[in-house]
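S.K.: Next up is a structure, given as C-alpha cells.
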Amino acid sequence: MVLAFLGENCQFSILHYKIFFFVSLFCLLVSIFCTFKYLLKIEELKERILVQHSQLKTIIDDTSFITYLCNVDGTILIVNRNFSSIFKLNPDNFIGANLKDYCEDVHSSKIIEENLYVKETKMPLFVERELNLKGLQGFYRVMKYPVFDSDGNVVRIVCVNKNIDKEKELENRKNTFVSTLIHDLKTPIIAQIKALDLVIGEKLGPVNNAQMDFLLQIKDSCVYMSDLIFNILDTYLYDDGKAHIYQEKFNLIDVLQLTVSNLSNLLKDKGQEVKITTIENTEIFADKFQIQRVLTNLLSNSINYGFCNSVIEIDISQKDRYLHLRINNHSPYIPKDKINMIFDKYNSVSGLNSLTGSSGLGLYLSKQIIDAHNGEIYANSEINETCSFGFCLPKD
C-alpha cells in the first residue's frame with residue numbers, strides 16, 4: 001500500500017515537472033519573440049529617425065537663408081551649407097559646438113535671451129537686428145521657431161537668418177527722402193498759418209463774415225496738413241529710435257479738457273456730446289505734448305467714426321500706480337481680426353483711418369508714444385456698435 005502511494009506520488013511529480021518545463025519553455029519563447037519584436041521596432045525607429053534627420057538636413061541645406069538647429073542653451077545640432085560656408089568649415093565641425101564660440105559676448109547673451117523667450121512663450125520670434133559673428137556681420141531678419149517634444153515642451157529651436165542690408169539701405173534712402181520732403185513742406189505751411197492768423201485777427205484790416213468763414217476753412221485745411229506732416233515726421237523719428245520723451249508733472253484732466261475744446265467744432269458738426277468721468281487726482285509724470293497728441297488722435301477718431309447725435313463717454317480711473325483713460329463711443333462694429341491691426345503702420349481697417357490724415361499713422365503713432373511711456377494702448381469693438389479706445393500710463 002505504501003509502495004502504491006509512492007508510485008502515484010512519483011507519477012504526479014513527473015507530471016508536475018513536465019508541465020512546469022513546458023510552461024517555462026513557452027514563457028521563454030514568448031520572451032524571445034517579444035525581445036526580437038522589440039529589437040525590430042527599435043531598428044525601425046532608428047531607420048525612421050535617420051530618414052527624418054536626412055529629410056530635415058536636406059530641407060535646411062536647401063534653404064537660401066542661414067539656418068541652423070540648436071538647443072535652448074545655444075548648442076548647435078545641425079547647420080546648413082550657407083552657415084558653414086560663411087565660416088569656411090565642414091558642417092560636421094559645428095555639431096556639439098556652442099553659438100557663443102562664434103560671436104561676441106553681447107550677441108551671445110542676446111541669442112540666449114531670444115531662445116529663452118521662445119522656450120517660455122512657445123511661440124515663434126521675429127526680430128530685425130544687427131549680427132556680429134565671426135565672418136557674419138550686418139543687419140538680419142532673425143526668425144526662431146520652437147521644436148516640441150511629446151509633452152509639448154520646447155527642446156530645440158530652428159533659427160533662420162536672412163540678410164537685409166539691401167533692404168535697410170533702401171529704407172534709409174526712403175527715410176532720407178521723406179524727411180527732406182517733410183522739412184521742405186513744413187516751413188511754407190507754417191508760414192501760411194501765421195499769415196492767415198494775421199488776416200483772421202484783422203491785423204491787416206477788417207474782414208466781413210463771408211470772408212471770415214472762407215479764411216477759417218483755409219486755415220483748418222492748413223492745420224490739417226500741418227498735423228499730417230508732423231505725424232509722418234514723428235513716426236519716422238520713433239521708428240528710428242530718435243524720438244525723445246520730455247517728462248514733466250501735469251494734470252491729465254486739464255490736457256483732456258483742452259483737447260475736447262480744440263475739437264469742439266468737430267463735435268458740433270456731428271451733433272455729438274462729450275461726458276467726462278474722472279477721479280480726484282489725475283496728476284501724471286509724462287510728456288505733456290505727446291500725451292495730448294494721443295488724446296487728439298483717439299478722440300478725433302471717436303468723433304469721426306461715431307454716429308451723429310451720439311454721446312462720447314470718457315472715463316479716467318486709477319488701478320495700482322497706473323492711470324487708465326477710456327473713450328467709449330457708438331460706431332460701426334469692427335471684427336476682432338481687424339481691430340487688432342488698427343495700430344499697425346499704414347493700416348486701414350474698413351476705411352478706419354485716424355482723422356489726423358489718411359496716412360494711417362495716427363493710431364500707429366499713438367501706440368509708439370504710449371509704448372515709449374511704458375504704458376499700454378488698446379481698442380475694443382462690440383457687436384452692439386459700442387467701441388472703446390484707451391490707454392494706461394504709470395503715474396510716476
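By order in the C-alpha cells, chains are A, B, ...; within a chain, residues start at 1; ligands start at 1, following the order shown.
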Fewer than 2 positions away in the same chain doesn't count, so skip those; otherwise give me all residues within 12 Å of Asn153 (chain A), counting only C-alpha atoms, as a ChimeraX atom specification.
M.R.: /A:72,118-123,146-151,155-157
S.K.: Export, as a PDB file, in the first residue's frame, the selected residues with C-alpha atoms.
M.R.:
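Printed below is result.pdb as written:
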```pdb
ATOM      1  CA  VAL A  72      17.960  76.385 -25.968  1.00  0.00           C
ATOM      2  CA  VAL A 118      10.845  81.132 -27.434  1.00  0.00           C
ATOM      3  CA  LYS A 119      11.042  78.388 -24.781  1.00  0.00           C
ATOM      4  CA  GLU A 120       8.861  80.239 -22.273  1.00  0.00           C
ATOM      5  CA  THR A 121       6.248  81.573 -24.697  1.00  0.00           C
ATOM      6  CA  LYS A 122       6.311  78.534 -27.016  1.00  0.00           C
ATOM      7  CA  MET A 123       5.833  80.994 -29.857  1.00  0.00           C
ATOM      8  CA  PRO A 146      10.224  76.192 -31.442  1.00  0.00           C
ATOM      9  CA  VAL A 147      10.536  72.399 -31.748  1.00  0.00           C
ATOM     10  CA  PHE A 148       8.423  70.474 -29.223  1.00  0.00           C
ATOM     11  CA  ASP A 149       8.788  67.081 -27.559  1.00  0.00           C
ATOM     12  CA  SER A 150       5.886  64.687 -26.915  1.00  0.00           C
ATOM     13  CA  ASP A 151       4.968  66.590 -23.732  1.00  0.00           C
ATOM     14  CA  VAL A 155      13.543  71.261 -26.645  1.00  0.00           C
ATOM     15  CA  ARG A 156      15.025  72.602 -29.885  1.00  0.00           C
ATOM     16  CA  ILE A 157      14.945  75.860 -31.830  1.00  0.00           C
TER      17      ILE A 157
END
```
S.K.: So which residues touch region 180-192 of chain A within 9 Å, counting only C-alpha atoms, skipping near sequence neighbours fewer than 6 positions away, as a list in words?
M.R.: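 My reading of the contact set: Lys219, Cys222, Val223, Met225, Ser226, Ile229, Phe230, Ile232 and Leu233 of chain A.
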S.K.: Could you save those same residues with C-alpha atoms as a PDB file, in the first residue's frame?
M.R.:
```
ATOM      1  CA  LYS A 219      -6.776 127.684 -42.015  1.00  0.00           C
ATOM      2  CA  CYS A 222      -3.572 124.170 -43.458  1.00  0.00           C
ATOM      3  CA  VAL A 223      -3.687 122.940 -39.852  1.00  0.00           C
ATOM      4  CA  MET A 225      -1.854 119.381 -43.474  1.00  0.00           C
ATOM      5  CA  SER A 226       0.484 120.566 -40.724  1.00  0.00           C
ATOM      6  CA  ILE A 229       3.230 116.337 -41.846  1.00  0.00           C
ATOM      7  CA  PHE A 230       4.258 116.320 -38.176  1.00  0.00           C
ATOM      8  CA  ILE A 232       4.722 111.488 -40.556  1.00  0.00           C
ATOM      9  CA  LEU A 233       7.860 113.152 -39.224  1.00  0.00           C
TER      10      LEU A 233
END
```
S.K.: From the set A:Ile200, A:Tyr333, A:Ile314, A:Tyr246, which residue has the shortest atom-to-atom contact distance to Asp213 (chain A), counting only C-alpha atoms?
M.R.: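 Nearest candidate to Asp213 (chain A) out of A:Ile200, A:Tyr333, A:Ile314, A:Tyr246: A:Ile200.
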S.K.: Tell me which protein, DNA and RNA residues are within 12 Å of Glu169 (chain A), counting only C-alpha atoms, leaving out same-chain ones fewer than 6 positions away, and put them as a ChimeraX atom specification.
M.R.: /A:138-139,163,175-176
S.K.: Taking the chain letters and numbering used in this document, name the residues of region 35-157 of chain A that DSSP puts in strand (DSSP E), as a ChimeraX atom specification.
M.R.: /A:66-70,76-79,125-133,136-148,154-157
S.K.: Just want the 10 Å neighbourhood of Phe83 (chain A), counted on only C-alpha atoms, with same-chain residues fewer than 5 positions away dropped. Output as a PyMOL selection string.
M.R.: chain A and resi 61+65-68+78+88-91+94+136+161
S.K.: Please save C-alpha atoms of the selected residues as a compact mmCIF listing (two decimals), in the first residue's frame.
M.R.:
```txt
# COMPACT_ATOMS: atom_id res chain seq x y z
CA ASP A 61 20.50 72.74 -46.65
CA PHE A 65 18.94 81.57 -45.77
CA ILE A 66 21.43 80.92 -42.98
CA THR A 67 19.72 78.18 -40.99
CA TYR A 68 20.65 76.02 -38.03
CA ILE A 78 22.53 70.94 -37.42
CA LYS A 88 34.55 78.04 -44.26
CA LEU A 89 34.25 74.87 -42.19
CA ASN A 90 32.68 71.47 -42.69
CA PRO A 91 29.10 71.33 -41.29
CA PHE A 94 29.75 72.69 -35.74
CA LEU A 136 28.87 87.24 -40.36
CA ASN A 161 18.61 84.38 -40.61
```
S.K.: Closest to Leu361 (chain A) among A:Leu228, A:Asp287, A:Asn380, A:Lys270, using only C-alpha atoms?
M.R.: A:Leu228
S.K.: Give me, as a PyMOL selection string, all polymer residues having an atom no more than 12 Å from Ile253 (chain A), counting only C-alpha atoms and skipping those fewer than 2 positions away in the same chain.
M.R.: chain A and resi 250-251+255-260+276-284+288+291-292+295+314-317+323-325
S.K.: Give me a file of those residues, with C-alpha atoms, as a PDB file, in the first residue's frame.
M.R.:
```pdb
ATOM      1  CA  PHE A 250       0.900 117.722 -15.166  1.00  0.00           C
ATOM      2  CA  ASN A 251      -2.797 117.093 -14.670  1.00  0.00           C
ATOM      3  CA  VAL A 255      -4.969 118.244 -21.039  1.00  0.00           C
ATOM      4  CA  LEU A 256      -8.097 116.223 -21.807  1.00  0.00           C
ATOM      5  CA  GLN A 257     -10.394 119.220 -21.392  1.00  0.00           C
ATOM      6  CA  LEU A 258      -8.112 121.306 -23.628  1.00  0.00           C
ATOM      7  CA  THR A 259      -8.226 118.569 -26.270  1.00  0.00           C
ATOM      8  CA  VAL A 260     -12.031 118.431 -26.128  1.00  0.00           C
ATOM      9  CA  ILE A 276     -16.178 113.004 -18.688  1.00  0.00           C
ATOM     10  CA  THR A 277     -15.994 110.889 -15.533  1.00  0.00           C
ATOM     11  CA  THR A 278     -12.794 111.271 -13.563  1.00  0.00           C
ATOM     12  CA  ILE A 279     -11.131 110.672 -10.223  1.00  0.00           C
ATOM     13  CA  GLU A 280      -9.892 113.493  -7.995  1.00  0.00           C
ATOM     14  CA  ASN A 281      -6.137 113.153  -8.508  1.00  0.00           C
ATOM     15  CA  THR A 282      -5.097 112.818 -12.170  1.00  0.00           C
ATOM     16  CA  GLU A 283      -1.530 114.075 -11.875  1.00  0.00           C
ATOM     17  CA  ILE A 284       0.910 112.157 -14.039  1.00  0.00           C
ATOM     18  CA  LYS A 288       2.564 116.534 -21.933  1.00  0.00           C
ATOM     19  CA  ILE A 291       0.069 112.666 -24.493  1.00  0.00           C
ATOM     20  CA  GLN A 292      -2.079 115.486 -25.871  1.00  0.00           C
ATOM     21  CA  LEU A 295      -5.705 112.181 -26.845  1.00  0.00           C
ATOM     22  CA  ILE A 314     -14.507 109.421 -21.343  1.00  0.00           C
ATOM     23  CA  ASP A 315     -13.544 107.786 -18.080  1.00  0.00           C
ATOM     24  CA  ILE A 316     -10.348 108.342 -16.067  1.00  0.00           C
ATOM     25  CA  SER A 317      -9.600 105.880 -13.277  1.00  0.00           C
ATOM     26  CA  LEU A 323      -3.884 105.927 -14.665  1.00  0.00           C
ATOM     27  CA  HIS A 324      -6.432 104.499 -17.104  1.00  0.00           C
ATOM     28  CA  LEU A 325      -8.212 106.616 -19.713  1.00  0.00           C
TER      29      LEU A 325
END
```
S.K.: Please return as a ChimeraX atom specification: the residues of region 62-236 of chain A that backbone DSSP assigns to alpha helix (DSSP H).
M.R.: /A:62,81-87,105-121,165-200,209-236
